[in-house]
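Structure file final15.cif with mmCIF, C-alpha atoms, pLDDT in the B column; chains and numbers go by the auth columns:
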data_run
#
loop_
_atom_site.group_PDB
_atom_site.id
_atom_site.type_symbol
_atom_site.label_atom_id
_atom_site.label_comp_id
_atom_site.label_asym_id
_atom_site.label_seq_id
_atom_site.Cartn_x
_atom_site.Cartn_y
_atom_site.Cartn_z
_atom_site.B_iso_or_equiv
_atom_site.auth_seq_id
_atom_site.auth_asym_id
ATOM 1 C CA MET A 1 73.823 66.531 158.642 59.00 114 A
ATOM 2 C CA THR A 2 73.553 70.222 159.283 75.00 115 A
ATOM 3 C CA ASP A 3 71.465 72.547 157.160 70.00 116 A
ATOM 4 C CA ASP A 4 74.578 74.170 155.701 69.00 117 A
ATOM 5 C CA VAL A 5 76.023 70.835 154.595 66.00 118 A
ATOM 6 C CA ARG A 6 72.656 69.754 153.209 69.00 119 A
ATOM 7 C CA ASN A 7 72.390 72.976 151.189 67.00 120 A
ATOM 8 C CA ILE A 8 75.895 72.480 149.808 69.00 121 A
ATOM 9 C CA VAL A 9 75.134 68.892 148.780 68.00 122 A
ATOM 10 C CA LEU A 10 71.843 69.893 147.160 67.00 123 A
ATOM 11 C CA GLY A 11 73.608 72.716 145.330 73.00 124 A
ATOM 12 C CA VAL A 12 76.266 70.356 143.984 70.00 125 A
ATOM 13 C CA VAL A 13 73.620 67.839 142.900 72.00 126 A
ATOM 14 C CA ALA A 14 71.562 70.567 141.215 75.00 127 A
ATOM 15 C CA ALA A 15 74.624 71.887 139.421 74.00 128 A
ATOM 16 C CA GLY A 16 75.478 68.368 138.239 74.00 129 A
ATOM 17 C CA VAL A 17 71.948 67.738 136.994 70.00 130 A
ATOM 18 C CA THR A 18 71.889 71.104 135.207 74.00 131 A
ATOM 19 C CA ALA A 19 75.260 70.448 133.575 72.00 132 A
ATOM 20 C CA SER A 20 74.139 66.981 132.464 71.00 133 A
ATOM 21 C CA LEU A 21 70.900 68.297 130.990 67.00 134 A
ATOM 22 C CA GLY A 22 72.808 71.055 129.222 71.00 135 A
ATOM 23 C CA TRP A 23 75.258 68.543 127.760 61.00 136 A
ATOM 24 C CA ILE A 24 72.405 66.290 126.611 66.00 137 A
ATOM 25 C CA PHE A 25 70.608 69.224 125.004 61.00 138 A
ATOM 26 C CA ARG A 26 73.742 70.465 123.225 68.00 139 A
ATOM 27 C CA THR A 27 74.445 66.939 122.005 70.00 140 A
ATOM 28 C CA TYR A 28 70.881 66.668 120.693 65.00 141 A
ATOM 29 C CA LEU A 29 71.211 69.969 118.825 62.00 142 A
ATOM 30 C CA TRP A 30 74.584 68.949 117.402 57.00 143 A
ATOM 31 C CA ARG A 31 73.257 65.588 116.211 74.00 144 A
ATOM 32 C CA ARG A 32 70.173 67.202 114.687 80.00 145 A
ATOM 33 C CA ALA A 33 72.334 69.728 112.817 81.00 146 A
ATOM 34 C CA LEU A 34 74.598 66.899 111.659 86.00 147 A
ATOM 35 C CA ARG A 35 71.644 64.868 110.353 91.00 148 A
ATOM 36 C CA ARG A 36 70.349 67.889 108.449 92.00 149 A
ATOM 37 C CA LYS A 37 73.783 68.537 106.986 93.00 150 A
ATOM 38 C CA GLN A 38 74.177 64.892 105.980 94.00 151 A
ATOM 39 C CA ALA A 39 70.721 64.898 104.369 93.00 152 A
ATOM 40 C CA PHE A 40 71.409 68.086 102.406 94.00 153 A
ATOM 41 C CA PHE A 41 74.696 66.794 101.039 95.00 154 A
ATOM 42 C CA GLY A 42 73.496 63.207 100.675 93.00 155 A
ATOM 43 C CA LEU A 43 76.358 62.049 102.868 95.00 156 A
ATOM 44 C CA PRO A 44 75.328 59.659 105.654 93.00 157 A
ATOM 45 C CA GLY A 45 78.105 58.518 107.967 91.00 158 A
ATOM 46 C CA HIS A 46 80.837 56.366 106.367 91.00 159 A
ATOM 47 C CA SER A 47 79.433 56.901 102.862 94.00 160 A
ATOM 48 C CA GLU A 48 81.572 57.604 99.809 94.00 161 A
ATOM 49 C CA CYS A 49 81.285 60.506 97.382 95.00 162 A
ATOM 50 C CA LEU A 50 83.077 61.625 94.241 94.00 163 A
ATOM 51 C CA LEU A 51 85.132 64.763 93.726 94.00 164 A
ATOM 52 C CA VAL A 52 85.340 65.181 89.959 93.00 165 A
ATOM 53 C CA VAL A 53 88.154 67.555 88.996 91.00 166 A
ATOM 54 C CA ASN A 54 88.872 69.250 85.722 87.00 167 A
ATOM 55 C CA ARG A 55 92.207 70.077 84.141 77.00 168 A
ATOM 56 C CA GLU A 56 94.017 73.368 83.934 62.00 169 A
ATOM 57 C CA ALA A 57 94.032 74.732 80.389 52.00 170 A
ATOM 58 C CA GLY A 58 97.334 73.709 78.809 48.00 171 A
ATOM 59 C CA GLY A 59 98.337 71.883 81.973 53.00 172 A
ATOM 60 C CA ASP A 60 98.333 68.327 80.599 58.00 173 A
ATOM 61 C CA GLY A 61 96.162 66.922 83.368 60.00 174 A
ATOM 62 C CA ALA A 62 97.229 69.375 86.051 71.00 175 A
ATOM 63 C CA VAL A 63 94.601 70.855 88.368 81.00 176 A
ATOM 64 C CA HIS A 64 94.525 74.633 88.786 85.00 177 A
ATOM 65 C CA ARG A 65 95.576 75.784 92.246 89.00 178 A
ATOM 66 C CA TYR A 66 92.234 77.536 92.838 92.00 179 A
ATOM 67 C CA ASP A 67 90.454 74.278 92.059 91.00 180 A
ATOM 68 C CA VAL A 68 92.716 72.582 94.605 91.00 181 A
ATOM 69 C CA PHE A 69 91.607 75.185 97.149 93.00 182 A
ATOM 70 C CA ALA A 70 87.995 74.412 96.235 94.00 183 A
ATOM 71 C CA LEU A 71 88.640 70.707 96.821 93.00 184 A
ATOM 72 C CA LEU A 72 89.988 71.536 100.272 93.00 185 A
ATOM 73 C CA GLU A 73 86.811 73.505 101.077 93.00 186 A
ATOM 74 C CA LEU A 74 84.658 70.587 99.998 95.00 187 A
ATOM 75 C CA SER A 75 86.820 68.004 101.758 94.00 188 A
ATOM 76 C CA ALA A 76 86.201 69.772 105.067 94.00 189 A
ATOM 77 C CA LEU A 77 82.422 69.574 104.512 94.00 190 A
ATOM 78 C CA ILE A 78 82.656 65.900 103.614 96.00 191 A
ATOM 79 C CA LYS A 79 84.743 65.142 106.697 95.00 192 A
ATOM 80 C CA ASP A 80 82.259 66.977 108.927 94.00 193 A
ATOM 81 C CA CYS A 81 79.535 64.647 107.638 95.00 194 A
ATOM 82 C CA GLY A 82 81.573 61.586 108.569 94.00 195 A
ATOM 83 C CA ALA A 83 81.946 60.560 104.916 95.00 196 A
ATOM 84 C CA HIS A 84 84.978 60.126 102.715 94.00 197 A
ATOM 85 C CA ALA A 85 85.755 61.207 99.154 94.00 198 A
ATOM 86 C CA ARG A 86 87.337 59.683 96.099 92.00 199 A
ATOM 87 C CA ILE A 87 88.978 62.119 93.681 90.00 200 A
ATOM 88 C CA VAL A 88 88.645 61.264 89.988 89.00 201 A
ATOM 89 C CA GLN A 89 89.618 63.039 86.785 87.00 202 A
ATOM 90 C CA HIS A 90 86.748 64.325 84.668 84.00 203 A
ATOM 91 C CA ASP A 91 87.612 62.046 81.737 78.00 204 A
ATOM 92 C CA ALA A 92 87.979 58.933 83.916 75.00 205 A
ATOM 93 C CA THR A 93 84.428 59.006 85.302 72.00 206 A
ATOM 94 C CA GLN A 94 82.170 56.701 83.326 70.00 207 A
ATOM 95 C CA GLN A 95 79.140 56.087 85.501 75.00 208 A
ATOM 96 C CA GLY A 96 75.704 57.459 86.097 77.00 209 A
ATOM 97 C CA PHE A 97 74.629 59.743 88.882 81.00 210 A
ATOM 98 C CA GLY A 98 72.379 59.292 91.880 81.00 211 A
ATOM 99 C CA GLU A 99 74.069 56.331 93.566 87.00 212 A
ATOM 100 C CA ARG A 100 76.527 58.525 95.453 91.00 213 A
ATOM 101 C CA THR A 101 76.951 62.226 95.999 95.00 214 A
ATOM 102 C CA GLU A 102 79.118 63.957 93.415 95.00 215 A
ATOM 103 C CA PHE A 103 80.905 67.302 93.485 96.00 216 A
ATOM 104 C CA CYS A 104 81.900 68.378 89.976 95.00 217 A
ATOM 105 C CA LEU A 105 84.206 71.359 89.396 94.00 218 A
ATOM 106 C CA GLY A 106 85.039 73.367 86.301 91.00 219 A
ATOM 107 C CA GLY A 107 83.451 74.635 83.124 90.00 220 A
ATOM 108 C CA PRO A 108 82.664 72.514 80.065 89.00 221 A
ATOM 109 C CA ALA A 109 85.850 73.627 78.299 85.00 222 A
ATOM 110 C CA SER A 110 87.953 71.746 80.852 86.00 223 A
ATOM 111 C CA ASN A 111 85.545 69.157 82.268 90.00 224 A
ATOM 112 C CA ARG A 112 83.776 66.595 80.084 91.00 225 A
ATOM 113 C CA ARG A 113 81.700 65.409 83.024 92.00 226 A
ATOM 114 C CA MET A 114 80.410 68.950 83.501 94.00 227 A
ATOM 115 C CA THR A 115 79.453 69.081 79.825 93.00 228 A
ATOM 116 C CA ALA A 116 77.371 65.922 80.244 92.00 229 A
ATOM 117 C CA HIS A 117 75.682 67.234 83.395 93.00 230 A
ATOM 118 C CA LEU A 118 74.786 70.534 81.743 94.00 231 A
ATOM 119 C CA GLN A 119 73.316 68.802 78.704 93.00 232 A
ATOM 120 C CA THR A 120 71.313 66.342 80.792 93.00 233 A
ATOM 121 C CA LEU A 121 70.338 68.311 83.903 93.00 234 A
ATOM 122 C CA LEU A 122 70.587 71.990 82.879 95.00 235 A
ATOM 123 C CA PRO A 123 69.699 72.130 79.177 95.00 236 A
ATOM 124 C CA GLY A 124 68.731 75.798 79.449 95.00 237 A
ATOM 125 C CA VAL A 125 72.360 76.804 80.023 95.00 238 A
ATOM 126 C CA THR A 126 74.657 77.566 77.092 94.00 239 A
ATOM 127 C CA ILE A 127 78.324 78.411 77.663 93.00 240 A
ATOM 128 C CA ASN A 128 80.702 79.841 75.082 91.00 241 A
ATOM 129 C CA THR A 129 83.743 77.555 75.090 84.00 242 A
ATOM 130 C CA GLN A 130 85.752 79.232 72.324 80.00 243 A
ATOM 131 C CA SER A 131 89.484 79.233 72.993 74.00 244 A
ATOM 132 C CA GLU A 132 90.259 82.524 71.244 75.00 245 A
ATOM 133 C CA PRO A 133 90.299 85.604 73.482 75.00 246 A
ATOM 134 C CA GLY A 134 87.285 87.874 73.062 74.00 247 A
ATOM 135 C CA PRO A 135 84.382 89.483 74.901 76.00 248 A
ATOM 136 C CA ASP A 136 82.170 86.402 74.406 81.00 249 A
ATOM 137 C CA ARG A 137 84.692 83.903 75.721 84.00 250 A
ATOM 138 C CA GLY A 138 83.162 81.992 78.633 85.00 251 A
ATOM 139 C CA ALA A 139 79.871 83.914 78.441 92.00 252 A
ATOM 140 C CA TYR A 140 76.780 82.243 79.891 94.00 253 A
ATOM 141 C CA GLU A 141 73.352 82.283 78.296 95.00 254 A
ATOM 142 C CA ILE A 142 70.542 81.233 80.613 94.00 255 A
ATOM 143 C CA GLY A 143 67.094 81.563 79.147 87.00 256 A
ATOM 144 C CA SER A 144 67.097 84.965 77.460 87.00 257 A
ATOM 145 C CA GLU A 145 69.832 86.441 79.667 92.00 258 A
ATOM 146 C CA ARG A 146 73.522 86.664 78.852 93.00 259 A
ATOM 147 C CA TYR A 147 76.336 86.973 81.397 95.00 260 A
ATOM 148 C CA ALA A 148 79.808 87.837 80.092 94.00 261 A
ATOM 149 C CA ALA A 149 82.905 87.861 82.254 91.00 262 A
ATOM 150 C CA GLU A 150 85.059 90.891 82.984 92.00 263 A
ATOM 151 C CA PRO A 151 88.241 89.106 84.096 89.00 264 A
ATOM 152 C CA GLY A 152 89.278 90.173 87.553 90.00 265 A
ATOM 153 C CA VAL A 153 86.313 92.547 87.885 93.00 266 A
ATOM 154 C CA ALA A 154 83.061 90.611 87.577 95.00 267 A
ATOM 155 C CA GLU A 155 82.918 86.881 86.856 96.00 268 A
ATOM 156 C CA TYR A 156 80.092 84.384 87.122 96.00 269 A
ATOM 157 C CA VAL A 157 79.708 80.863 88.436 97.00 270 A
ATOM 158 C CA LEU A 158 76.805 78.439 88.630 97.00 271 A
ATOM 159 C CA LEU A 159 76.271 76.649 91.923 98.00 272 A
ATOM 160 C CA ALA A 160 73.750 73.836 91.570 97.00 273 A
ATOM 161 C CA ARG A 161 72.367 70.985 93.626 97.00 274 A
ATOM 162 C CA LEU A 162 70.576 68.540 91.343 95.00 275 A
ATOM 163 C CA THR A 163 68.841 65.221 91.948 90.00 276 A
ATOM 164 C CA ALA A 164 67.273 62.622 89.704 78.00 277 A
ATOM 165 C CA GLY A 165 64.636 61.583 92.253 71.00 278 A
ATOM 166 C CA GLU A 166 63.752 61.549 95.926 68.00 279 A
ATOM 167 C CA GLU A 167 65.982 58.588 96.760 73.00 280 A
ATOM 168 C CA ALA A 168 68.888 59.669 94.552 84.00 281 A
ATOM 169 C CA ARG A 169 72.017 61.267 95.931 92.00 282 A
ATOM 170 C CA PRO A 170 72.619 64.837 94.724 95.00 283 A
ATOM 171 C CA VAL A 171 75.100 66.166 92.205 96.00 284 A
ATOM 172 C CA PHE A 172 76.703 69.497 93.113 97.00 285 A
ATOM 173 C CA LEU A 173 78.022 71.582 90.227 97.00 286 A
ATOM 174 C CA PHE A 174 80.572 74.385 90.513 97.00 287 A
ATOM 175 C CA CYS A 175 80.692 75.709 86.975 96.00 288 A
ATOM 176 C CA GLY A 176 82.681 78.929 86.853 94.00 289 A
ATOM 177 C CA GLN A 177 84.100 81.191 84.172 94.00 290 A
ATOM 178 C CA ARG A 178 87.508 80.994 85.876 91.00 291 A
ATOM 179 C CA ALA A 179 89.052 78.627 88.411 92.00 292 A
ATOM 180 C CA ILE A 180 88.877 81.235 91.162 94.00 293 A
ATOM 181 C CA THR A 181 85.090 81.363 90.751 96.00 294 A
ATOM 182 C CA ASN A 182 84.895 77.614 91.422 96.00 295 A
ATOM 183 C CA GLN A 183 86.609 78.216 94.740 96.00 296 A
ATOM 184 C CA ALA A 184 84.249 81.130 95.431 96.00 297 A
ATOM 185 C CA ALA A 185 81.227 78.877 94.834 97.00 298 A
ATOM 186 C CA SER A 186 82.572 76.118 97.086 96.00 299 A
ATOM 187 C CA ARG A 187 83.207 78.691 99.823 96.00 300 A
ATOM 188 C CA TYR A 188 79.706 80.111 99.350 97.00 301 A
ATOM 189 C CA LEU A 189 78.251 76.622 99.759 97.00 302 A
ATOM 190 C CA ALA A 190 80.311 76.007 102.896 95.00 303 A
ATOM 191 C CA ARG A 191 79.102 79.270 104.446 95.00 304 A
ATOM 192 C CA HIS A 192 75.450 79.105 103.411 96.00 305 A
ATOM 193 C CA HIS A 193 74.540 75.414 103.279 96.00 306 A
ATOM 194 C CA GLU A 194 72.254 75.689 106.323 94.00 307 A
ATOM 195 C CA LYS A 195 70.316 78.555 104.744 96.00 308 A
ATOM 196 C CA LEU A 196 70.103 76.697 101.433 96.00 309 A
ATOM 197 C CA ALA A 197 68.908 73.537 103.193 95.00 310 A
ATOM 198 C CA ARG A 198 66.130 75.472 104.924 94.00 311 A
ATOM 199 C CA LYS A 199 65.030 77.068 101.654 95.00 312 A
ATOM 200 C CA TYR A 200 65.289 74.135 99.239 94.00 313 A
ATOM 201 C CA GLY A 201 65.230 71.092 101.512 88.00 314 A
ATOM 202 C CA GLY A 202 66.172 68.058 99.477 88.00 315 A
ATOM 203 C CA GLY A 203 65.162 69.645 96.172 93.00 316 A
ATOM 204 C CA SER A 204 67.171 70.874 93.230 95.00 317 A
ATOM 205 C CA PHE A 205 68.377 74.415 92.720 97.00 318 A
ATOM 206 C CA CYS A 206 70.691 76.358 90.431 97.00 319 A
ATOM 207 C CA LEU A 207 72.077 79.688 91.600 98.00 320 A
ATOM 208 C CA LEU A 208 73.995 82.245 89.563 97.00 321 A
ATOM 209 C CA LEU A 209 76.702 83.918 91.632 98.00 322 A
ATOM 210 C CA LYS A 210 78.921 86.863 90.756 97.00 323 A
ATOM 211 C CA VAL A 211 82.480 87.080 92.054 97.00 324 A
ATOM 212 C CA VAL A 212 83.336 90.743 92.535 96.00 325 A
ATOM 213 C CA ASN A 213 86.820 92.154 91.935 95.00 326 A
ATOM 214 C CA SER A 214 88.671 88.873 92.327 95.00 327 A
ATOM 215 C CA GLN A 215 91.969 90.551 91.456 93.00 328 A
ATOM 216 C CA ALA A 216 91.727 92.438 94.767 94.00 329 A
ATOM 217 C CA TYR A 217 89.475 90.295 96.965 94.00 330 A
ATOM 218 C CA GLY A 218 90.123 86.803 95.629 93.00 331 A
ATOM 219 C CA PRO A 219 87.157 84.427 96.090 94.00 332 A
ATOM 220 C CA ASP A 220 85.750 86.170 99.171 94.00 333 A
ATOM 221 C CA VAL A 221 83.286 88.732 97.760 95.00 334 A
ATOM 222 C CA VAL A 222 80.378 86.879 96.188 96.00 335 A
ATOM 223 C CA GLU A 223 76.921 88.172 95.292 96.00 336 A
ATOM 224 C CA LEU A 224 73.835 86.112 94.574 97.00 337 A
ATOM 225 C CA VAL A 225 72.591 87.311 91.188 96.00 338 A
ATOM 226 C CA ALA A 226 69.526 85.100 90.801 96.00 339 A
ATOM 227 C CA ASP A 227 67.946 81.724 91.323 97.00 340 A
ATOM 228 C CA VAL A 228 67.944 80.480 87.726 96.00 341 A
ATOM 229 C CA THR A 229 66.665 76.969 88.438 96.00 342 A
ATOM 230 C CA ARG A 230 63.568 77.215 86.270 95.00 343 A
ATOM 231 C CA ALA A 231 65.285 78.734 83.231 95.00 344 A
ATOM 232 C CA ALA A 232 68.299 76.430 83.518 95.00 345 A
ATOM 233 C CA GLN A 233 66.250 73.235 83.661 93.00 346 A
ATOM 234 C CA GLN A 234 64.121 74.064 80.632 92.00 347 A
ATOM 235 C CA PRO A 235 65.522 73.531 77.137 87.00 348 A
ATOM 236 C CA ARG A 236 66.436 76.943 75.734 71.00 349 A
ATOM 237 C CA GLN A 237 63.813 77.049 72.975 68.00 350 A
ATOM 238 C CA ALA A 238 61.066 76.037 75.378 49.00 351 A
ATOM 239 C CA SER A 239 62.325 78.527 77.982 46.00 352 A
ATOM 240 C CA GLN A 240 62.377 81.416 75.494 50.00 353 A
ATOM 241 C CA SER A 241 58.946 80.510 74.132 46.00 354 A
ATOM 242 C CA HIS A 242 57.554 80.408 77.693 47.00 355 A
ATOM 243 C CA GLN A 243 59.087 83.794 78.498 45.00 356 A
ATOM 244 C CA GLY A 244 57.694 85.256 75.282 46.00 357 A
ATOM 245 C CA ALA A 245 54.231 83.990 76.147 42.00 358 A
ATOM 246 C CA ASP A 246 54.501 85.527 79.649 44.00 359 A
ATOM 247 C CA ALA A 247 55.516 88.864 78.160 42.00 360 A
ATOM 248 C CA ALA A 248 52.590 88.795 75.751 40.00 361 A
#
In structure tokens, what does this structure look like?
Amino acid sequence: MTDDVRNIVLGVVAAGVTASLGWIFRTYLWRRALRRKQAFFGLPGHSECLLVVNREAGGDGAVHRYDVFALLELSALIKDCGAHARIVQHDATQQGFGERTEFCLGGPASNRRMTAHLQTLLPGVTINTQSEPGPDRGAYEIGSERYAAEPGVAEYVLLARLTAGEEARPVFLFCGQRAITNQAASRYLARHHEKLARKYGGGSFCLLLKVVNSQAYGPDVVELVADVTRAAQQPRQASQSHQGADAA
């Protein structure tokens, strides 16, 4: 074998080894990212989760089209984790939480399951559910702060990941003042889940998001207003008393 042939063979072998190592490394990174994603969402491979949907106001069981879009966003995340989802109506879900991951969409006016979760897991949140039009309709009160909607201009949505213990599967809440804000929150979660996983790990959080000018930008322009986890998880009277003591 001449030197030229030997050099060619060694070059081919080196290229093959390098390509193999690169493929192994990329596969390792992909699997590590997948494990982290599965852990954050509580969705190991082949597991089942619940998508709890609300009803459109006056729709006799119909789901608002923006909530359907939100379900599509979440379905893609679930599929990426190698899990599968079961869609259930809010008033047909009579079971506890923690055994399987749950994604719950809609405000308490249209979702009984959301009402139960807010009362149990986020007692510091009060939402005006009056049906008559007015400036207070749909307003949020979290601790001592109040957040009223300006339809089409500035609307709010709570995005929460809540657990009942270290071994329990999480419950994700998308509690918006309008259906389009539910889609905005699901899209925010899809875009920022890696950042949220790094910050909160497997713990609970509750974020208040603002959807800006939805009449022009739809669900795409979203601002993080605040992490309201502490105020939302404390009963309102206790939260206000604590804040008053801090101010004093």
Distance atom CA of A:Gly314-atom CA of A:Gln207, one decimal place? 28.7 Å
Using all atoms listed in the file, which protein or nucleic acid residues come within 7 Å of stretch 321-332 of chain A? Drop anything in the same chain fewer than 4 positions from it, and give the result as a PDB file with C-alpha atoms, keeping the file's coordinate frame.
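And here is the file that came out, result26.pdb:
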ATOM      1  CA  GLY A 265      89.278  90.173  87.553  1.00 90.00           C
ATOM      2  CA  VAL A 266      86.313  92.547  87.885  1.00 93.00           C
ATOM      3  CA  ALA A 267      83.061  90.611  87.577  1.00 95.00           C
ATOM      4  CA  GLU A 268      82.918  86.881  86.856  1.00 96.00           C
ATOM      5  CA  TYR A 269      80.092  84.384  87.122  1.00 96.00           C
ATOM      6  CA  VAL A 270      79.708  80.863  88.436  1.00 97.00           C
ATOM      7  CA  LEU A 271      76.805  78.439  88.630  1.00 97.00           C
ATOM      8  CA  LEU A 272      76.271  76.649  91.923  1.00 98.00           C
ATOM      9  CA  ILE A 293      88.877  81.235  91.162  1.00 94.00           C
ATOM     10  CA  THR A 294      85.090  81.363  90.751  1.00 96.00           C
ATOM     11  CA  GLN A 296      86.609  78.216  94.740  1.00 96.00           C
ATOM     12  CA  ALA A 297      84.249  81.130  95.431  1.00 96.00           C
ATOM     13  CA  GLU A 336      76.921  88.172  95.292  1.00 96.00           C
ATOM     14  CA  LEU A 337      73.835  86.112  94.574  1.00 97.00           C
ATOM     15  CA  VAL A 338      72.591  87.311  91.188  1.00 96.00           C
ATOM     16  CA  ALA A 339      69.526  85.100  90.801  1.00 96.00           C
ATOM     17  CA  ASP A 340      67.946  81.724  91.323  1.00 97.00           C
ATOM     18  CA  VAL A 341      67.944  80.480  87.726  1.00 96.00           C
TER      19      VAL A 341
END
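Take atom CA of A:Leu309 and atom CA of A:Ile200: the distance between them is 25.1 Å.
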Evaluate the PyMOL selection byres ((chain A and resi 193) around 10) on the structure here and hand back the selected residues as a list in words.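 This file, filtered by the PyMOL selection byres ((chain A and resi 193) around 10), leaves Leu147, Lys150, Gln151, Leu156, Gly158, Leu187, Ser188, Ala189, Leu190, Ile191, Lys192, Cys194, Gly195, Ala196 and His197 of chain A.
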Computed interatomic separation between atom CA of A:Tyr301 and atom CA of A:Ser317 (Å): 16.7 Å
Box for stretch 206-210 of chain A - axis-aligned, 5 Å on each of the six sides, all listed atoms - centre and size in Å to one decimal, as JSON.
{"center_x": 79.5, "center_y": 57.9, "center_z": 86.1, "size_x": 19.8, "size_y": 13.7, "size_z": 15.6}
Using all atoms listed in the file, find the one residue out of A:Ser299, A:Thr206, A:Ser133, A:Ser257 that sits nearest to A:Phe285.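 Answer, going by the shortest atom-to-atom distance: A:Ser299.
Distances here use all atoms listed in the file; by that measure, the residue among A:Arg226, A:Arg304, A:His159, A:His177 closest to A:Val335 is A:Arg304.
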Specify as JSON, numbers by chain each residue included when the PyMOL selection byres ((chain A and resi 231-236) around 9) is applied to this file. {"A": [221, 226, 227, 228, 229, 230, 237, 238, 239, 275, 276, 277, 319, 342, 344, 345, 346, 347, 348, 349]}
Which is closest to A:Phe216 among A:Pro264, A:Gly155, A:Gly135, A:Gly316, if we use all atoms listed in the file?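 Of A:Pro264, A:Gly155, A:Gly135, A:Gly316, the one nearest A:Phe216 is A:Gly155, counting all atoms listed in the file.
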Closest of A:Thr131, A:Arg282, A:Asn295, A:Leu320 to A:Val166 - atom-to-atom distances counting all atoms listed in the file: A:Asn295
Picked residues, the PyMOL selection byres ((chain A and resi 249) around 12), expected as a ChimeraX atom specification: /A:239-248,250-254,259-264,290
Just the residues within 6 Å of A:Asn167, please, counting all atoms listed in the file, with nothing from its chain fewer than 5 positions along; format it as an mmCIF file with C-alpha atoms, in the coordinates of the input.
data_model
loop_
_atom_site.group_PDB
_atom_site.id
_atom_site.type_symbol
_atom_site.label_atom_id
_atom_site.label_comp_id
_atom_site.auth_asym_id
_atom_site.auth_seq_id
_atom_site.Cartn_x
_atom_site.Cartn_y
_atom_site.Cartn_z
ATOM 1 C CA HIS A 203 86.748 64.325 84.668
ATOM 2 C CA GLY A 219 85.039 73.367 86.301
ATOM 3 C CA SER A 223 87.953 71.746 80.852
ATOM 4 C CA ASN A 224 85.545 69.157 82.268
#
